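Colleague: For reference, the file run.cif (mmCIF, N, CA and C atoms) is included below:
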```cif
data_upload
#
loop_
_atom_site.label_atom_id
_atom_site.label_comp_id
_atom_site.auth_asym_id
_atom_site.auth_seq_id
_atom_site.Cartn_x
_atom_site.Cartn_y
_atom_site.Cartn_z
N MET A 1499 -10.89 -13.52 -13.16
CA MET A 1499 -9.65 -12.76 -13.11
C MET A 1499 -9.83 -11.47 -12.31
N LYS A 1500 -10.97 -10.82 -12.50
CA LYS A 1500 -11.23 -9.57 -11.79
C LYS A 1500 -11.25 -9.78 -10.28
N LEU A 1501 -11.85 -10.89 -9.85
CA LEU A 1501 -11.92 -11.19 -8.43
C LEU A 1501 -10.52 -11.40 -7.86
N CYS A 1502 -9.68 -12.10 -8.61
CA CYS A 1502 -8.30 -12.33 -8.18
C CYS A 1502 -7.54 -11.01 -8.02
N LEU A 1503 -7.71 -10.12 -8.98
CA LEU A 1503 -7.05 -8.81 -8.90
C LEU A 1503 -7.55 -8.03 -7.70
N ALA A 1504 -8.85 -8.11 -7.44
CA ALA A 1504 -9.40 -7.39 -6.29
C ALA A 1504 -8.82 -7.96 -5.00
N ARG A 1505 -8.67 -9.28 -4.94
CA ARG A 1505 -8.11 -9.90 -3.75
C ARG A 1505 -6.66 -9.47 -3.55
N ASN A 1506 -5.90 -9.40 -4.64
CA ASN A 1506 -4.50 -8.97 -4.55
C ASN A 1506 -4.42 -7.52 -4.11
N SER A 1507 -5.31 -6.68 -4.63
CA SER A 1507 -5.34 -5.27 -4.23
C SER A 1507 -5.58 -5.14 -2.73
N LYS A 1508 -6.47 -5.97 -2.22
CA LYS A 1508 -6.78 -5.95 -0.80
C LYS A 1508 -5.55 -6.37 0.01
N LYS A 1509 -4.85 -7.43 -0.44
CA LYS A 1509 -3.64 -7.89 0.27
C LYS A 1509 -2.56 -6.82 0.25
N ILE A 1510 -2.37 -6.19 -0.89
CA ILE A 1510 -1.35 -5.15 -1.01
C ILE A 1510 -1.72 -3.98 -0.10
N GLY A 1511 -2.99 -3.62 -0.09
CA GLY A 1511 -3.44 -2.54 0.79
C GLY A 1511 -3.20 -2.85 2.26
N LEU A 1512 -3.45 -4.09 2.65
CA LEU A 1512 -3.20 -4.50 4.03
C LEU A 1512 -1.71 -4.42 4.36
N LYS A 1513 -0.86 -4.79 3.41
CA LYS A 1513 0.58 -4.71 3.63
C LYS A 1513 1.02 -3.26 3.79
N ILE A 1514 0.47 -2.37 2.96
CA ILE A 1514 0.81 -0.96 3.06
C ILE A 1514 0.43 -0.44 4.45
N ALA A 1515 -0.78 -0.76 4.89
CA ALA A 1515 -1.23 -0.32 6.21
C ALA A 1515 -0.34 -0.90 7.30
N TYR A 1516 0.05 -2.16 7.17
CA TYR A 1516 0.92 -2.81 8.15
C TYR A 1516 2.25 -2.07 8.27
N TYR A 1517 2.91 -1.86 7.13
CA TYR A 1517 4.22 -1.18 7.16
C TYR A 1517 4.10 0.27 7.63
N ARG A 1518 3.01 0.93 7.26
CA ARG A 1518 2.80 2.32 7.68
C ARG A 1518 2.67 2.39 9.20
N LYS A 1519 1.85 1.50 9.75
CA LYS A 1519 1.64 1.49 11.20
C LYS A 1519 2.90 1.07 11.95
N ARG A 1520 3.65 0.16 11.36
CA ARG A 1520 4.90 -0.29 11.97
C ARG A 1520 5.90 0.86 12.11
N LYS A 1521 5.83 1.80 11.17
CA LYS A 1521 6.71 2.97 11.22
C LYS A 1521 6.05 4.12 11.99
N ALA A 1522 4.88 3.89 12.53
CA ALA A 1522 4.12 4.89 13.30
C ALA A 1522 3.84 6.14 12.46
N LEU A 1523 3.48 5.92 11.20
CA LEU A 1523 3.14 7.02 10.31
C LEU A 1523 1.63 7.10 10.12
N LYS A 1524 1.13 8.32 10.01
CA LYS A 1524 -0.28 8.53 9.72
C LYS A 1524 -0.49 8.48 8.21
N GLN A 1525 -1.71 8.15 7.80
CA GLN A 1525 -2.01 8.11 6.37
C GLN A 1525 -1.66 9.44 5.71
N MET A 1526 -1.97 10.52 6.39
CA MET A 1526 -1.71 11.84 5.84
C MET A 1526 -0.23 12.05 5.53
N GLU A 1527 0.62 11.59 6.43
CA GLU A 1527 2.07 11.74 6.23
C GLU A 1527 2.56 10.95 5.02
N VAL A 1528 2.13 9.69 4.92
CA VAL A 1528 2.54 8.85 3.81
C VAL A 1528 2.00 9.39 2.50
N ALA A 1529 0.74 9.76 2.49
CA ALA A 1529 0.12 10.28 1.28
C ALA A 1529 0.84 11.54 0.78
N GLU A 1530 1.09 12.45 1.69
CA GLU A 1530 1.76 13.71 1.33
C GLU A 1530 3.14 13.45 0.73
N LYS A 1531 3.91 12.58 1.38
CA LYS A 1531 5.26 12.28 0.89
C LYS A 1531 5.24 11.49 -0.42
N ALA A 1532 4.19 10.71 -0.63
CA ALA A 1532 4.08 9.92 -1.86
C ALA A 1532 3.45 10.72 -3.00
N GLY A 1533 2.94 11.91 -2.68
CA GLY A 1533 2.35 12.76 -3.72
C GLY A 1533 0.94 12.35 -4.12
N ILE A 1534 0.21 11.75 -3.17
CA ILE A 1534 -1.18 11.37 -3.44
C ILE A 1534 -2.06 11.92 -2.31
N SER A 1535 -3.37 11.86 -2.50
CA SER A 1535 -4.26 12.36 -1.46
C SER A 1535 -4.44 11.31 -0.37
N CYS A 1536 -4.79 11.79 0.80
CA CYS A 1536 -5.02 10.91 1.94
C CYS A 1536 -6.20 9.96 1.66
N SER A 1537 -7.24 10.47 1.02
CA SER A 1537 -8.39 9.61 0.72
C SER A 1537 -8.03 8.53 -0.29
N TYR A 1538 -7.14 8.86 -1.23
CA TYR A 1538 -6.68 7.86 -2.21
C TYR A 1538 -5.88 6.77 -1.50
N LEU A 1539 -5.00 7.14 -0.59
CA LEU A 1539 -4.23 6.15 0.17
C LEU A 1539 -5.17 5.28 0.99
N SER A 1540 -6.16 5.87 1.61
CA SER A 1540 -7.12 5.12 2.39
C SER A 1540 -7.83 4.08 1.52
N LYS A 1541 -8.21 4.47 0.33
CA LYS A 1541 -8.88 3.54 -0.58
C LYS A 1541 -7.93 2.46 -1.07
N ILE A 1542 -6.65 2.79 -1.23
CA ILE A 1542 -5.65 1.78 -1.60
C ILE A 1542 -5.52 0.76 -0.47
N GLU A 1543 -5.42 1.25 0.75
CA GLU A 1543 -5.25 0.36 1.91
C GLU A 1543 -6.45 -0.56 2.10
N THR A 1544 -7.62 -0.14 1.70
CA THR A 1544 -8.82 -0.97 1.86
C THR A 1544 -9.17 -1.73 0.59
N GLY A 1545 -8.37 -1.58 -0.45
CA GLY A 1545 -8.59 -2.32 -1.69
C GLY A 1545 -9.77 -1.85 -2.51
N LYS A 1546 -10.14 -0.59 -2.34
CA LYS A 1546 -11.33 -0.06 -3.01
C LYS A 1546 -11.04 0.70 -4.30
N VAL A 1547 -9.76 0.81 -4.67
CA VAL A 1547 -9.42 1.60 -5.84
C VAL A 1547 -8.26 0.94 -6.58
N ARG A 1548 -8.20 1.16 -7.86
CA ARG A 1548 -7.06 0.70 -8.66
C ARG A 1548 -5.96 1.74 -8.58
N TYR A 1549 -4.74 1.27 -8.72
CA TYR A 1549 -3.59 2.18 -8.64
C TYR A 1549 -2.52 1.66 -9.58
N SER A 1550 -1.59 2.52 -9.88
CA SER A 1550 -0.50 2.15 -10.80
C SER A 1550 0.70 1.61 -10.02
N LEU A 1551 1.57 0.96 -10.75
CA LEU A 1551 2.82 0.49 -10.16
C LEU A 1551 3.65 1.67 -9.67
N ALA A 1552 3.59 2.77 -10.40
CA ALA A 1552 4.33 3.98 -10.01
C ALA A 1552 3.89 4.47 -8.63
N VAL A 1553 2.60 4.41 -8.36
CA VAL A 1553 2.08 4.83 -7.05
C VAL A 1553 2.59 3.89 -5.97
N LEU A 1554 2.57 2.57 -6.25
CA LEU A 1554 3.08 1.61 -5.27
C LEU A 1554 4.56 1.84 -4.97
N ILE A 1555 5.31 2.17 -6.00
CA ILE A 1555 6.74 2.43 -5.82
C ILE A 1555 6.94 3.67 -4.94
N GLN A 1556 6.15 4.71 -5.17
CA GLN A 1556 6.26 5.92 -4.35
C GLN A 1556 5.93 5.63 -2.88
N ILE A 1557 4.86 4.85 -2.68
CA ILE A 1557 4.47 4.50 -1.31
C ILE A 1557 5.58 3.68 -0.65
N ALA A 1558 6.14 2.73 -1.38
CA ALA A 1558 7.22 1.89 -0.84
C ALA A 1558 8.42 2.74 -0.46
N LYS A 1559 8.74 3.74 -1.28
CA LYS A 1559 9.87 4.63 -0.96
C LYS A 1559 9.62 5.36 0.35
N VAL A 1560 8.41 5.85 0.53
CA VAL A 1560 8.07 6.56 1.76
C VAL A 1560 8.18 5.63 2.96
N LEU A 1561 7.75 4.38 2.78
CA LEU A 1561 7.79 3.40 3.86
C LEU A 1561 9.18 2.77 4.03
N GLU A 1562 10.10 3.15 3.15
CA GLU A 1562 11.47 2.65 3.17
C GLU A 1562 11.52 1.13 3.09
N ILE A 1563 10.74 0.58 2.14
CA ILE A 1563 10.75 -0.86 1.88
C ILE A 1563 10.92 -1.08 0.38
N ASP A 1564 11.33 -2.26 0.02
CA ASP A 1564 11.44 -2.64 -1.38
C ASP A 1564 10.02 -2.84 -1.91
N PRO A 1565 9.67 -2.28 -3.07
CA PRO A 1565 8.32 -2.47 -3.61
C PRO A 1565 7.93 -3.94 -3.73
N GLU A 1566 8.92 -4.80 -3.87
CA GLU A 1566 8.66 -6.24 -3.97
C GLU A 1566 7.96 -6.77 -2.72
N GLU A 1567 8.23 -6.15 -1.58
CA GLU A 1567 7.58 -6.55 -0.33
C GLU A 1567 6.06 -6.44 -0.43
N LEU A 1568 5.60 -5.46 -1.20
CA LEU A 1568 4.16 -5.25 -1.35
C LEU A 1568 3.56 -6.22 -2.37
N LEU A 1569 4.36 -6.69 -3.29
CA LEU A 1569 3.85 -7.48 -4.41
C LEU A 1569 3.99 -8.98 -4.25
N THR A 1570 4.74 -9.42 -3.24
CA THR A 1570 4.95 -10.86 -3.07
C THR A 1570 4.34 -11.35 -1.79
N ASP A 1571 4.07 -12.64 -1.76
CA ASP A 1571 3.57 -13.27 -0.53
C ASP A 1571 4.72 -13.54 0.41
N GLY A 1572 4.40 -13.82 1.63
CA GLY A 1572 5.44 -14.16 2.58
C GLY A 1572 5.66 -13.12 3.66
N SER A 1573 5.21 -11.90 3.46
CA SER A 1573 5.36 -10.87 4.50
C SER A 1573 4.21 -11.02 5.50
N SER A 1574 4.50 -10.74 6.74
CA SER A 1574 3.44 -10.75 7.74
C SER A 1574 2.85 -9.36 7.81
N TYR A 1575 1.54 -9.31 7.83
CA TYR A 1575 0.83 -8.03 7.91
C TYR A 1575 -0.45 -8.16 8.66
#
```
Here is the file; what I need is its structure written in the form of structure tokens.

Modeller:
Amino acid sequence: MKLCLARNSKKIGLKIAYYRKRKALKQMEVAEKAGISCSYLSKIETGKVRYSLAVLIQIAKVLEIDPEELLTDGSSY
């Protein structure tokens, strides 16, 4: 189960990075607007840290996407 969660974290992180780059935003900009540190966002994008649903929702708001986009399969990233 832990491996599966780690894999999902990595996929979600890749999606965050994809949408961030698509909007031409720097990690610092997204992190600041989401109320988290740049290093924390970097670790989220690389799947190296656990995060809450609340943090994902904040990031999604900054990226102007539905949080569901980060949590479901089917998006290209």

Colleague: Quick one: everything within 7 Å of stretch 1541-1556 of chain A, counting only C-alpha atoms, minus sequence neighbours fewer than 4 positions away in the same chain. Send it as a PyMOL selection string.

Modeller: chain A and resi 1504+1507-1508+1511-1512+1514-1515+1532+1537+1560+1565

Colleague: Of the candidates A:Asn1506, A:Leu1561, A:Ser1540, A:Leu1568, which one gets nearest to A:Met1526 if we count only C-alpha atoms?

Modeller: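 Using only C-alpha atoms, A:Met1526 sits closest to A:Ser1540.
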
Colleague: Can you tell me how far atom C of A:Arg1518 sits from atom CA of A:Glu1566, in Å to one decimal?

Modeller: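 Separation between atom C of A:Arg1518 and atom CA of A:Glu1566: 16.8 Å.
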
Colleague: What does the structure give for the distance between atom C of A:Lys1519 and atom C of A:Ile1534, in Å to one decimal?

Modeller: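 One can read the atom C of A:Lys1519 to atom C of A:Ile1534 distance as 18.6 Å.
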
Colleague: Rounded to one decimal place, report the atom C of A:Lys1531-atom CA of A:Asp1571 distance in Å.

Modeller: 24.8 Å

Colleague: Quick one: residues within 7 Å of A:Gln1525, only N, CA and C atoms, excluding same-chain residues fewer than 5 positions away - as an MDAnalysis selection string?

Modeller: chainID A and resid 1530 1535:1536 1539:1540

Colleague: Taking every listed atom of stretch 1557-1569 of chain A and adding 8 Å to each side, what centre and edge lengths in Å (one decimal) does the axis-aligned box have, as JSON?

Modeller:
```
{"center_x": 7.5, "center_y": -1.2, "center_z": -0.2, "size_x": 24.0, "size_y": 31.5, "size_z": 24.4}
```

Colleague: Could you check which of A:Lys1509, A:Glu1562, A:Ile1557, A:Glu1567 is closest to A:Gly1533, using all atoms listed in the file?

Modeller: A:Ile1557
